[in-house]
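Presented below is the structure to which this report refers.
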Amino acid sequence: KEAGAGAVRVYDRAIDDLTRAHVEMTMALQTGIERNEFFLVYQAQNDVESRAVVGYEALVRWRHGERGLIPPSEFIPLAESTGFIHRLGDWVLKTAALEAAGWARPLSIAVNVAPAQLADIAFPLRVQQILNETGLDARRLELEITESGIIADQQKALAIIQQLKQLGVRIAMDDYGTGYSSLSMLQSFPFDKIKIDRSFVDAVAVSRPSAAIVRSTIILSHSLDIPVLAEGVETEEQMDFLRQEGCLCVQGYLFGKPQTAEQIAAVTGMAVSASAA
Ligand code: C2E
Ligand code: MG
Ligand code: MG
Ligand code: MG
């Protein structure tokens, strides 16, 4: 009994610690945005034939006061569960649009949109506002959404996606193939791009199932007349496979890790670094 009660106390304390860590992180996110601790890095998207950079994907980073650099996998889920993602997502979109608008070359800019943002009926208007404020041409903006951003209320998601497309922005399906019903998503939503998930691309050279999945996704994209991009390309072997199968666009460490706005300045022809207030 004694030991049991002790165990419960230890358990309670463990939960307490978890809750405290959770609350602390949530508060740190809040102060982090006020202290300008977030910044964007950009990963190139390359044409398969010419290898030229055709666009960039913006990826958020957090430089925490004490803990240093924290990857999105550690704070996006928390931001989503606390609702902070609305504020963070807004900052990301505004900053990416502002920085890309400053590039001399009109490369496309892809921005990840969280499920909660896509479920917000005010979102299309906000995108319009940001385009107006930053002067970014809507045709350069591509919003990346995942299946999880759509499944909750498909009708509503479709309405919002249609409004976004009316603004002239493009919609990409991110992490294609990892959801529950990727195929039915393609049937029901007007995507402008399919991004084949890294988990399939990873193994194209060594695994028959992965190769078959990537190959048939590329064929499918051609049949649907939707541009396809392979994510997470790391080797020339993977490039050879993708080229042979007719994939037109790639993104991955083979062409570079995500870089800061300053680092990509030479490619984008950006004169000075812009930063959102
Ligand atoms: P994602 O949108 O699928 O982004 C691609 C991720 O794969 C990025 O990780 C990128 O750095 C990584 N990656 C790209 N090429 C390679 C490669 O060749 N090898 C390997 N091993 N990895 C590669 P990152 O930046 O850590 O982002 C992870 C995820 O966090 C993103 O996946 C996205 O779902 C989410 N995320 C990042 N930034 C944002 C944002 O601003 N808003 C939202 N809502 N989510 C974001
Ligand atoms: Mg993405
Ligand atoms: Mg992805
Ligand atoms: Mg992802």
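By order in the structure tokens, chains are A, B, ...; within a chain, residues start at 1; ligands start at 1, following the order shown.
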
Could I get the residue neighbourhood of ligand 1 at 7 Å, counting only C-alpha atoms and all ligand atoms, as a PDB file with C-alpha atoms, in the first residue's frame?
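Output file pocket.pdb follows:
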ATOM      1  CA  ALA A  58       9.739  28.382 -46.555  1.00  0.00           C
ATOM      2  CA  LEU A  59      10.343  26.388 -43.370  1.00  0.00           C
ATOM      3  CA  VAL A  60      10.031  27.915 -39.919  1.00  0.00           C
ATOM      4  CA  PRO A  71      13.102  22.100 -35.115  1.00  0.00           C
ATOM      5  CA  PRO A  72       9.461  22.446 -36.203  1.00  0.00           C
ATOM      6  CA  SER A  73       8.736  18.822 -35.319  1.00  0.00           C
ATOM      7  CA  ILE A  76       4.458  22.819 -34.523  1.00  0.00           C
ATOM      8  CA  GLY A  89       1.159  30.654 -39.288  1.00  0.00           C
ATOM      9  CA  VAL A  92       5.194  32.720 -41.420  1.00  0.00           C
ATOM     10  CA  VAL A 111       4.404  28.072 -47.586  1.00  0.00           C
ATOM     11  CA  ASN A 112       3.110  25.318 -45.315  1.00  0.00           C
ATOM     12  CA  VAL A 113      -0.411  25.844 -44.024  1.00  0.00           C
ATOM     13  CA  ALA A 114      -1.546  24.063 -40.869  1.00  0.00           C
ATOM     14  CA  ASP A 174       2.175  17.964 -49.309  1.00  0.00           C
ATOM     15  CA  ASP A 175       3.369  14.557 -48.065  1.00  0.00           C
ATOM     16  CA  GLU A 231      10.641  15.494 -51.784  1.00  0.00           C
ATOM     17  CA  GLY A 232      13.794  14.507 -49.938  1.00  0.00           C
ATOM     18  CA  VAL A 233      16.070  13.712 -52.885  1.00  0.00           C
ATOM     19  CA  GLU A 234      19.513  12.985 -51.485  1.00  0.00           C
ATOM     20  CA  GLN A 251      13.553  19.126 -53.570  1.00  0.00           C
ATOM     21  CA  GLY A 252      16.163  17.702 -51.247  1.00  0.00           C
ATOM     22  CA  TYR A 253      19.584  17.754 -49.644  1.00  0.00           C
ATOM     23  CA  LEU A 254      21.221  16.781 -52.963  1.00  0.00           C
ATOM     24  CA  LYS A 257      19.588  22.091 -47.115  1.00  0.00           C
ATOM     25  CA  PRO A 258      17.224  24.892 -46.189  1.00  0.00           C
TER      26      PRO A 258
END

Task: Non-local contacts of region 101-110 of chain A (10 Å; only C-alpha atoms; under 3 positions in same chain excluded) as a VMD selection string - done: chain A and resid 42 to 45 53 to 59 93 95 to 98 113 131 134 to 144 170 to 172 261 264 to 274

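Rounded to one decimal, CA of Ile196 (chain A) and CA of Ile218 (chain A) lie 8.7 Å from each other.
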
Per DSSP on the backbone, what are the strand (DSSP E or B) residues of region 90-127 of chain A, as a compact mmCIF listing (two decimals) with N, CA and C atoms, in the first residue's frame?
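Writing done, so here's out15.txt:
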# COMPACT_ATOMS: atom_id res chain seq x y z
N SER A 108 8.94 31.04 -57.41
CA SER A 108 7.75 30.74 -56.62
C SER A 108 8.14 30.49 -55.17
N ILE A 109 7.19 30.75 -54.29
CA ILE A 109 7.43 30.59 -52.86
C ILE A 109 6.32 29.72 -52.26
N ALA A 110 6.74 28.59 -51.70
CA ALA A 110 5.78 27.66 -51.11
C ALA A 110 5.75 27.84 -49.59
N VAL A 111 4.56 27.89 -49.03
CA VAL A 111 4.40 28.07 -47.59
C VAL A 111 3.49 26.97 -47.04
N ASN A 112 3.92 26.36 -45.94
CA ASN A 112 3.11 25.32 -45.32
C ASN A 112 1.95 25.93 -44.54

Open item on the list: When you look at Gln155 (chain A) with a cut-off of 12 Å (counting only C-alpha atoms), what residues show up, excluding the ones that are within fewer than 3 positions of it in the same chain? I need them as a ChimeraX atom specification.
Closed with: /A:118-119,121,150-152,158-162,188-189

Task: Point-to-point distance in Å for CA of Gln30 (chain A) and CA of Glu80 (chain A) - done: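 Taking CA of Glu80 (chain A) and CA of Gln30 (chain A), their separation equals 13.1 Å.
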
Task: Of the listed residues A:Asp153, A:Asn36, A:Ser199, A:Lys94, that which approaches Asp120 (chain A) most closely, counting only C-alpha atoms - done: A:Asp153

Task: Nearest to Thr217 (chain A), chosen from A:Lys195, A:Arg13, A:Arg67, A:Arg51, with only C-alpha atoms counted in the distances - done: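 Checking each of A:Lys195, A:Arg13, A:Arg67, A:Arg51 against Thr217 (chain A), counting only C-alpha atoms, the winner is A:Lys195.
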
Task: From A:Arg35, A:Arg198, A:Arg126, A:Lys156, residue lying nearest ligand 4 [only C-alpha atoms and all ligand atoms] - done: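 Selected residue with least distance to ligand 4: A:Arg198.
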
Open item on the list: List the spatial neighbours of Glu37 (chain A) as number ranges by chain - criterion: any atom at most 12 Å away, only C-alpha atoms, same-chain residues fewer than 2 positions off excluded.
Closed with: A: 28-35, 39-40, 60-70, 88, 91

Export, as a short mmCIF file (atom, residue, chain, number, x, y, z; two decimals), in the first residue's frame, the selected residues with N, CA, C and O atoms.
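So result-v3.cif came out as:
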data_model
loop_
_atom_site.label_atom_id
_atom_site.label_comp_id
_atom_site.auth_asym_id
_atom_site.auth_seq_id
_atom_site.Cartn_x
_atom_site.Cartn_y
_atom_site.Cartn_z
N ALA A 28 6.68 30.08 -23.77
CA ALA A 28 7.91 30.42 -24.50
C ALA A 28 7.61 30.71 -25.97
O ALA A 28 8.25 31.58 -26.57
N LEU A 29 6.63 30.01 -26.54
CA LEU A 29 6.23 30.28 -27.93
C LEU A 29 5.73 31.71 -28.05
O LEU A 29 6.10 32.46 -28.95
N GLN A 30 4.88 32.06 -27.08
CA GLN A 30 4.27 33.39 -27.04
C GLN A 30 5.32 34.49 -26.96
O GLN A 30 5.32 35.43 -27.75
N THR A 31 6.24 34.34 -25.99
CA THR A 31 7.28 35.37 -25.85
C THR A 31 8.26 35.29 -27.03
O THR A 31 8.82 36.30 -27.43
N GLY A 32 8.43 34.08 -27.55
CA GLY A 32 9.36 33.89 -28.68
C GLY A 32 8.98 34.73 -29.87
O GLY A 32 9.85 35.32 -30.52
N ILE A 33 7.69 34.81 -30.15
CA ILE A 33 7.28 35.57 -31.32
C ILE A 33 7.43 37.07 -31.06
O ILE A 33 7.79 37.83 -31.95
N GLU A 34 7.21 37.46 -29.80
CA GLU A 34 7.39 38.87 -29.45
C GLU A 34 8.87 39.27 -29.49
O GLU A 34 9.20 40.41 -29.83
N ARG A 35 9.74 38.33 -29.18
CA ARG A 35 11.19 38.62 -29.16
C ARG A 35 11.86 38.31 -30.49
O ARG A 35 13.10 38.23 -30.56
N PHE A 39 12.40 32.50 -37.30
CA PHE A 39 12.88 32.95 -38.60
C PHE A 39 12.61 31.88 -39.63
O PHE A 39 12.29 30.73 -39.28
N LEU A 40 12.72 32.26 -40.89
CA LEU A 40 12.44 31.31 -41.96
C LEU A 40 13.72 30.89 -42.65
O LEU A 40 14.63 31.68 -42.82
N VAL A 60 9.84 27.07 -41.11
CA VAL A 60 10.03 27.91 -39.92
C VAL A 60 11.05 27.30 -38.95
O VAL A 60 11.17 26.08 -38.84
N ARG A 61 11.80 28.17 -38.30
CA ARG A 61 12.78 27.77 -37.28
C ARG A 61 12.60 28.64 -36.05
O ARG A 61 12.18 29.78 -36.15
N TRP A 62 12.95 28.06 -34.90
CA TRP A 62 12.84 28.79 -33.64
C TRP A 62 14.19 28.79 -32.91
O TRP A 62 14.69 27.73 -32.57
N ARG A 63 14.73 29.98 -32.73
CA ARG A 63 15.96 30.08 -31.94
C ARG A 63 15.57 30.49 -30.54
O ARG A 63 15.38 31.66 -30.24
N HIS A 64 15.46 29.49 -29.68
CA HIS A 64 15.01 29.67 -28.30
C HIS A 64 16.15 30.26 -27.47
O HIS A 64 17.31 29.87 -27.63
N GLY A 65 15.79 31.21 -26.58
CA GLY A 65 16.77 31.90 -25.74
C GLY A 65 17.79 30.98 -25.10
O GLY A 65 18.98 31.16 -25.26
N GLU A 66 17.31 29.95 -24.38
CA GLU A 66 18.24 29.06 -23.68
C GLU A 66 18.50 27.75 -24.41
O GLU A 66 19.58 27.20 -24.37
N ARG A 67 17.46 27.26 -25.09
CA ARG A 67 17.60 25.92 -25.66
C ARG A 67 18.19 25.90 -27.07
O ARG A 67 18.44 24.84 -27.63
N GLY A 68 18.41 27.07 -27.62
CA GLY A 68 19.00 27.09 -28.97
C GLY A 68 17.98 26.78 -30.05
O GLY A 68 16.79 27.03 -29.88
N LEU A 69 18.48 26.23 -31.14
CA LEU A 69 17.64 25.99 -32.30
C LEU A 69 16.70 24.80 -32.08
O LEU A 69 17.16 23.70 -31.78
N ILE A 70 15.39 25.04 -32.22
CA ILE A 70 14.41 23.97 -32.04
C ILE A 70 13.73 23.69 -33.38
O ILE A 70 13.24 24.61 -34.03
N LEU A 88 1.36 32.05 -35.31
CA LEU A 88 2.63 31.67 -35.92
C LEU A 88 2.48 31.53 -37.44
O LEU A 88 3.32 32.00 -38.22
N TRP A 91 2.37 34.79 -39.07
CA TRP A 91 3.72 35.39 -39.13
C TRP A 91 4.54 34.75 -40.26
O TRP A 91 5.22 35.46 -41.02
#

- [ ] Go through A:Tyr176, A:Phe123, A:Phe75, A:Tyr11 and flag the residue nearest ligand 4, using only C-alpha atoms and all ligand atoms for the distances.
- [x]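 Nearest candidate to ligand 4 out of A:Tyr176, A:Phe123, A:Phe75, A:Tyr11: A:Tyr176.
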
Open item on the list: I'd like to know which residues of region 77-250 of chain A are helix (DSSP H, G or I) (by DSSP, run on the backbone); could you write them as a PyMOL selection string?
Closed with: chain A and resi 77-82+85-101+115-118+123-134+138-140+147-149+154-167+182-188+198-201+208-224+236-245

Mind writing the picked residues with C-alpha atoms as a compact mmCIF listing (two decimals), in the first residue's frame?
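Output contents, as saved in result_7.txt:
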# COMPACT_ATOMS: atom_id res chain seq x y z
CA PRO A 77 2.42 20.05 -32.82
CA LEU A 78 2.33 22.08 -29.60
CA ALA A 79 1.44 25.25 -31.50
CA GLU A 80 -1.37 23.32 -33.17
CA SER A 81 -2.78 21.90 -29.96
CA THR A 82 -2.77 25.29 -28.20
CA ILE A 85 -0.47 28.08 -34.81
CA HIS A 86 -2.86 30.80 -36.02
CA ARG A 87 -0.50 33.54 -34.90
CA LEU A 88 2.63 31.67 -35.92
CA GLY A 89 1.16 30.65 -39.29
CA ASP A 90 0.19 34.24 -39.95
CA TRP A 91 3.72 35.39 -39.13
CA VAL A 92 5.19 32.72 -41.42
CA LEU A 93 2.96 33.68 -44.33
CA LYS A 94 3.56 37.39 -43.90
CA THR A 95 7.31 36.99 -43.55
CA ALA A 96 7.65 34.58 -46.48
CA ALA A 97 5.57 36.85 -48.71
CA LEU A 98 7.54 39.93 -47.69
CA GLU A 99 10.92 38.29 -48.19
CA ALA A 100 9.94 36.69 -51.51
CA ALA A 101 8.50 39.99 -52.74
CA PRO A 115 -4.94 22.33 -40.66
CA ALA A 116 -6.28 24.95 -38.25
CA GLN A 117 -5.44 27.77 -40.66
CA LEU A 118 -7.21 25.99 -43.48
CA PHE A 123 -8.01 32.70 -43.96
CA PRO A 124 -8.54 33.57 -47.67
CA LEU A 125 -9.17 37.21 -46.79
CA ARG A 126 -6.00 37.22 -44.69
CA VAL A 127 -4.00 35.80 -47.60
CA GLN A 128 -5.44 38.53 -49.83
CA GLN A 129 -4.43 41.17 -47.27
CA ILE A 130 -0.89 39.83 -47.06
CA LEU A 131 -0.59 39.80 -50.85
CA ASN A 132 -1.78 43.41 -50.96
CA GLU A 133 0.50 44.52 -48.14
CA THR A 134 3.63 42.84 -49.46
CA ALA A 138 -0.44 35.81 -56.12
CA ARG A 139 0.76 33.54 -58.91
CA ARG A 140 4.10 33.13 -57.13
CA GLU A 147 -4.53 15.56 -46.02
CA SER A 148 -4.97 16.10 -42.27
CA GLY A 149 -5.77 19.71 -43.06
CA GLN A 154 -14.16 18.44 -46.39
CA GLN A 155 -16.95 20.70 -47.64
CA LYS A 156 -15.60 23.66 -45.74
CA ALA A 157 -12.01 22.92 -46.77
CA LEU A 158 -13.07 22.77 -50.42
CA ALA A 159 -14.85 26.13 -50.17
CA ILE A 160 -11.78 27.73 -48.61
CA ILE A 161 -9.44 26.16 -51.17
CA GLN A 162 -11.63 27.48 -53.99
CA GLN A 163 -11.54 30.97 -52.53
CA LEU A 164 -7.75 30.77 -52.27
CA LYS A 165 -7.51 29.65 -55.88
CA GLN A 166 -9.69 32.56 -56.94
CA LEU A 167 -7.03 34.85 -55.49
CA SER A 182 -4.56 10.33 -50.84
CA LEU A 183 -6.25 9.11 -54.02
CA SER A 184 -9.69 10.31 -53.02
CA MET A 185 -8.15 13.67 -52.10
CA LEU A 186 -6.98 14.01 -55.69
CA GLN A 187 -10.48 13.21 -56.87
CA SER A 188 -12.18 15.79 -54.68
CA ARG A 198 10.17 11.77 -48.71
CA SER A 199 9.46 8.35 -47.19
CA PHE A 200 8.79 6.94 -50.67
CA VAL A 201 11.55 8.84 -52.45
CA ARG A 208 10.64 -2.31 -55.27
CA PRO A 209 7.46 -1.17 -53.49
CA SER A 210 8.82 2.38 -53.04
CA ALA A 211 9.91 2.50 -56.68
CA ALA A 212 6.49 1.25 -57.80
CA ILE A 213 4.65 3.80 -55.66
CA VAL A 214 6.76 6.72 -56.89
CA ARG A 215 6.54 5.53 -60.50
CA SER A 216 2.76 5.20 -60.42
CA THR A 217 2.33 8.53 -58.64
CA ILE A 218 4.31 10.22 -61.42
CA ILE A 219 2.16 8.50 -64.07
CA LEU A 220 -0.96 9.50 -62.16
CA SER A 221 0.16 13.13 -62.01
CA HIS A 222 0.75 13.13 -65.77
CA SER A 223 -2.71 11.66 -66.39
CA LEU A 224 -4.27 14.29 -64.15
CA GLU A 236 22.18 10.96 -57.83
CA GLU A 237 20.76 7.44 -57.94
CA GLN A 238 17.38 8.78 -56.85
CA MET A 239 17.71 11.58 -59.41
CA ASP A 240 18.36 9.07 -62.20
CA PHE A 241 15.28 7.12 -61.26
CA LEU A 242 13.09 10.22 -61.05
CA ARG A 243 14.34 11.58 -64.37
CA GLN A 244 13.70 8.25 -66.11
CA GLU A 245 10.21 8.10 -64.69

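Picture a line from atom 1 (Mg, counted along the ligand's line) of ligand 2 to CA of Phe191 (chain A); it runs 14.1 Å.
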
Open item on the list: With only C-alpha atoms as the counted atoms, please give the residues lying no more than 6 Å from Val250 (chain A), apart from itself and same-chain residues fewer than 6 positions off, as a ChimeraX atom specification.
Closed with: /A:45-46,229-230

TODO: Go through A:Ser181, A:Thr235, A:Thr146, A:Gln259 one by one, measure the shortest atom-to-atom distance of each to ligand 2 using only C-alpha atoms and all ligand atoms, and give the residue with the smallest value.
DONE: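 When distances to ligand 2 are compared using only C-alpha atoms and all ligand atoms, the smallest one comes from A:Thr146.
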
TODO: Using only C-alpha atoms and all ligand atoms, find the one residue out of A:Asp197, A:Asp12, A:Asp17, A:Glu24 that sits nearest to ligand 2.
DONE: A:Asp197
